[in-house]
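This is data_17.txt. It holds compact mmCIF, C-alpha atoms and all ligand atoms.
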```txt
# COMPACT_ATOMS: atom_id res chain seq x y z
CA MET F 299 29.66 52.40 118.77
CA GLU F 300 29.23 48.60 118.88
CA LYS F 301 32.45 47.97 117.04
CA PHE F 302 34.36 49.53 119.95
CA SER F 303 32.28 48.30 122.85
CA ALA F 304 33.10 44.72 121.87
CA THR F 305 36.70 45.34 122.88
CA ILE F 306 35.85 46.12 126.48
CA MET F 307 33.76 43.44 128.10
CA ASN F 308 34.42 44.38 131.68
CA ALA F 309 36.15 47.49 132.94
CA SER F 310 37.32 45.83 136.16
CA HIS F 311 40.53 44.43 134.64
CA LEU F 312 41.75 47.81 133.45
CA PRO F 313 44.73 49.77 134.79
CA SER F 314 42.56 52.12 136.77
CA ASN F 315 39.95 51.71 139.43
CA GLY F 316 37.35 51.31 136.67
CA THR F 317 36.34 54.93 137.03
CA LEU F 318 36.61 57.59 134.36
CA ALA F 319 36.34 61.24 135.33
CA PHE F 320 35.23 63.54 132.52
CA SER F 321 35.24 67.29 132.13
CA SER F 322 34.95 69.81 129.35
CA ASP F 323 34.26 73.43 128.66
CA HIS F 324 31.53 74.47 126.21
CA GLY F 325 33.89 73.72 123.30
CA GLY F 326 34.04 70.08 124.35
CA TYR F 327 30.59 69.63 125.85
CA ASP F 328 28.95 67.59 123.06
CA LEU F 329 31.91 65.25 122.79
CA LYS F 330 32.03 64.80 126.57
CA GLU F 331 28.40 63.76 126.62
CA PHE F 332 28.99 61.33 123.75
CA LEU F 333 32.10 59.72 125.24
CA LYS F 334 30.66 59.58 128.74
CA LYS F 335 27.71 57.55 127.42
CA ALA F 336 30.07 55.23 125.51
CA ALA F 337 32.25 54.67 128.58
CA SER F 338 29.21 53.93 130.68
CA ASP F 339 28.02 51.41 128.06
CA TRP F 340 31.46 49.81 128.22
CA GLY F 341 31.06 49.21 131.96
CA TYR F 342 32.96 52.10 133.47
CA THR F 343 31.81 54.13 136.39
CA THR F 344 31.76 57.68 135.06
CA ILE F 345 32.07 60.90 137.00
CA ASP F 346 30.99 64.08 135.26
CA CYS F 347 32.95 67.06 136.57
CA GLY F 348 31.13 69.50 134.25
CA THR F 349 30.42 71.58 132.41
CA HIS F 350 26.76 70.64 132.37
CA SER F 351 25.49 72.72 129.45
CA PRO F 352 26.82 74.20 126.20
CA ASP F 353 26.89 77.69 127.73
CA SER F 354 30.23 79.47 127.56
CA VAL F 355 32.54 78.81 130.52
CA ASP F 356 36.26 79.04 131.30
CA TYR F 357 38.11 75.77 130.73
CA PRO F 358 40.56 76.24 133.67
CA ASP F 359 37.60 75.84 136.02
CA TYR F 360 37.05 72.26 134.83
CA ILE F 361 40.52 70.85 135.35
CA GLU F 362 41.03 70.46 139.10
CA PRO F 363 37.85 68.40 139.74
CA VAL F 364 39.14 65.73 137.34
CA VAL F 365 42.67 65.98 138.76
CA LYS F 366 41.29 65.16 142.22
CA GLU F 367 39.61 62.01 140.89
CA VAL F 368 42.71 60.93 138.97
CA LEU F 369 44.87 61.29 142.06
CA LYS F 370 42.40 58.94 143.78
CA GLY F 371 42.86 56.29 141.04
CA ALA F 372 40.54 57.18 138.17
CA LEU F 373 41.64 57.88 134.64
CA GLY F 374 40.68 61.32 133.35
CA VAL F 375 39.23 62.59 130.09
CA MET F 376 39.31 66.34 129.48
CA ILE F 377 37.92 67.99 126.37
CA CYS F 378 37.98 71.57 125.14
CA GLY F 379 37.81 73.06 121.65
CA SER F 380 41.42 72.35 120.76
CA GLY F 381 42.53 70.28 123.75
CA ILE F 382 45.40 72.68 124.24
CA GLY F 383 44.10 74.70 127.18
CA MET F 384 43.06 71.61 129.11
CA SER F 385 46.42 69.91 128.58
CA ILE F 386 48.43 72.99 129.59
CA GLY F 387 46.38 73.31 132.75
CA ALA F 388 46.25 69.65 133.72
CA ASN F 389 50.01 69.18 133.44
CA ARG F 390 50.60 71.86 136.05
CA PHE F 391 49.40 69.44 138.72
CA LYS F 392 51.95 67.09 140.24
CA GLY F 393 51.17 63.46 139.46
CA ILE F 394 49.17 64.31 136.36
CA ARG F 395 50.38 63.14 132.98
CA ALA F 396 47.87 64.55 130.51
CA ALA F 397 48.27 63.67 126.85
CA LEU F 398 46.58 65.58 124.04
CA CYS F 399 45.91 62.90 121.43
CA MET F 400 44.78 63.42 117.85
CA ASN F 401 44.81 59.80 116.70
CA ASN F 402 45.07 56.19 117.84
CA HIS F 403 48.81 56.04 117.63
CA MET F 404 49.18 58.96 120.00
CA ALA F 405 46.63 57.42 122.38
CA GLN F 406 48.53 54.14 122.36
CA LEU F 407 51.90 55.78 123.00
CA ALA F 408 50.45 58.00 125.70
CA ARG F 409 49.58 54.89 127.70
CA THR F 410 52.40 52.50 126.78
CA HIS F 411 55.33 54.93 126.96
CA ASN F 412 54.15 57.87 129.05
CA ASN F 413 51.73 56.16 131.44
CA ALA F 414 49.37 59.07 130.82
CA ASN F 415 46.54 59.23 133.30
CA VAL F 416 44.49 61.88 131.48
CA LEU F 417 43.41 61.72 127.85
CA VAL F 418 42.86 65.19 126.39
CA LEU F 419 40.85 65.70 123.20
CA GLY F 420 39.94 68.69 121.05
CA GLU F 421 36.33 68.53 119.90
CA ARG F 422 36.77 71.19 117.22
CA LEU F 423 39.67 69.31 115.66
CA MET F 424 38.43 65.73 115.74
CA GLY F 425 35.37 63.78 114.70
CA LYS F 426 33.29 61.78 117.17
CA GLU F 427 34.28 58.37 115.81
CA GLU F 428 37.96 59.32 115.81
CA SER F 429 37.66 60.53 119.40
CA LEU F 430 35.83 57.37 120.44
CA SER F 431 38.54 55.30 118.87
CA CYS F 432 41.20 57.29 120.77
CA LEU F 433 39.37 56.67 124.04
CA ASP F 434 39.06 52.97 123.27
CA THR F 435 42.78 52.75 122.48
CA PHE F 436 43.73 54.74 125.56
CA LEU F 437 41.73 52.42 127.79
CA ASN F 438 42.98 49.21 126.20
CA ASN F 439 46.69 49.89 126.46
CA THR F 440 48.84 49.64 129.54
CA PHE F 441 52.19 51.06 130.58
CA GLU F 442 55.09 49.02 129.19
CA GLU F 443 57.35 49.85 132.18
CA GLY F 444 61.03 48.89 131.54
CA ARG F 445 63.02 51.87 130.29
CA HIS F 446 59.90 54.03 130.36
CA THR F 447 59.59 53.76 134.12
CA ARG F 448 62.75 55.75 134.75
CA ARG F 449 61.64 58.43 132.31
CA VAL F 450 58.18 58.80 133.76
CA GLU F 451 59.67 58.94 137.26
CA LYS F 452 61.81 61.85 136.09
CA LEU F 453 58.71 63.59 134.75
CA ASP F 454 56.96 63.09 138.05
CA GLU F 455 59.80 64.88 139.84
CA PHE F 456 58.63 68.07 138.10
CA GLY F 457 55.55 69.91 139.14
CA CYS F 458 54.00 72.30 141.54
C1 LIG V 501 37.00 78.11 123.90
O1 LIG V 501 36.54 78.98 122.90
C2 LIG V 501 38.37 77.55 123.53
O2 LIG V 501 39.33 78.53 123.61
C3 LIG V 501 38.70 76.38 124.40
O3 LIG V 501 37.73 75.39 124.26
C4 LIG V 501 40.03 75.68 124.12
O4 LIG V 501 40.18 75.41 122.78
C5 LIG V 501 41.20 76.27 124.75
O5 LIG V 501 42.32 75.77 124.64
```
Go ahead and render the structure in this file as structure tokens.
Amino acid sequence: MEKFSATIMNASHLPSNGTLAFSSDHGGYDLKEFLKKAASDWGYTTIDCGTHSPDSVDYPDYIEPVVKEVLKGALGVMICGSGIGMSIGANRFKGIRAALCMNNHMAQLARTHNNANVLVLGERLMGKEESLSCLDTFLNNTFEEGRHTRRVEKLDEFGC
């Protein structure tokens, strides 16, 4: 974990309000706990929107609490077994740009090109170190603006 924490000395300069809102279902519970601790060690304020145990739950119930925090200025992290259910659900909310990322390159592009405000991960498809690296990359990249602004604005015209 130290090799990543060195890259974030102080969360206050980041393109969010310094708050990360986490949620998962049972399929993402262990990874949520792991990443939440890492983010806290990096200096972020973390909000845990559940689930709070490895007992089986329904992932759609853990999307809106994070959405509410993101719409207030946090960045979101949602984790389920595959990441697919969480990303389908999160992207139904206007103003949410949730990106399911499997590697660093995707995490980088999600921020620089898509201005994603929610990182979605699949615990059953990724290792902990790979997921930690994705989170680190997601948090340390910013939107490039330029031609991407127009495209993201078009995306934001969609939605419920
Ligand atoms: C739960 O078994 C699983 O379906 C869920 O975590 C997720 O992968 C859904 O997309």
I'd like to know which of F:Leu433, F:His324, F:Lys426, F:Gly371 is closest to Leu398 of chain F, using only C-alpha atoms.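 Among the listed residues, F:Leu433 lies closest to Leu398 of chain F.
Between atom CA of His411 of chain F and atom CA of Val375 of chain F there is a distance of 18.1 Å.
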By how many Å are atom CA of Glu443 of chain F and atom CA of Thr344 of chain F apart?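 Going from atom CA of Glu443 of chain F over to atom CA of Thr344 of chain F, I get 26.9 Å.
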Please provide as number ranges by chain all residues within 12 Å of His350 of chain F, with the sequence filter that same-chain residues fewer than 3 positions apart are discarded (counting all atoms listed in the file). F: 320-328, 330-331, 346-347, 353-355, 360
Could you write those residues out with C-alpha atoms, as a compact mmCIF listing (two decimals), in the frame of the given file?
```txt
# COMPACT_ATOMS: atom_id res chain seq x y z
CA PHE F 320 35.23 63.54 132.52
CA SER F 321 35.24 67.29 132.13
CA SER F 322 34.95 69.81 129.35
CA ASP F 323 34.26 73.43 128.66
CA HIS F 324 31.53 74.47 126.21
CA GLY F 325 33.89 73.72 123.30
CA GLY F 326 34.04 70.08 124.35
CA TYR F 327 30.59 69.63 125.85
CA ASP F 328 28.95 67.59 123.06
CA LYS F 330 32.03 64.80 126.57
CA GLU F 331 28.40 63.76 126.62
CA ASP F 346 30.99 64.08 135.26
CA CYS F 347 32.95 67.06 136.57
CA ASP F 353 26.89 77.69 127.73
CA SER F 354 30.23 79.47 127.56
CA VAL F 355 32.54 78.81 130.52
CA TYR F 360 37.05 72.26 134.83
```
Considering all atoms listed in the file, can you say which of F:Ser380, F:Ser338, F:Thr447, F:Thr440 comes closest to Asn415 of chain F?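 Residue with the minimum atom-to-atom distance to Asn415 of chain F: F:Thr440.
Distance annotation: of F:Phe456, F:Phe332, F:Phe391, F:Tyr357, the residue with the minimal separation from ligand LIG 501 (chain V) is F:Tyr357; atom set is all atoms listed in the file.
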If I wrap all listed atoms of ligand LIG 501 (chain V) in a box with edges along x, y and z and add 5 Å on each side, what are its centre and edge lengths in Å to one decimal, as AutoDock Vina command-line options?
```
--center_x 39.4 --center_y 77.2 --center_z 123.8 --size_x 15.8 --size_y 13.6 --size_z 12.0
```
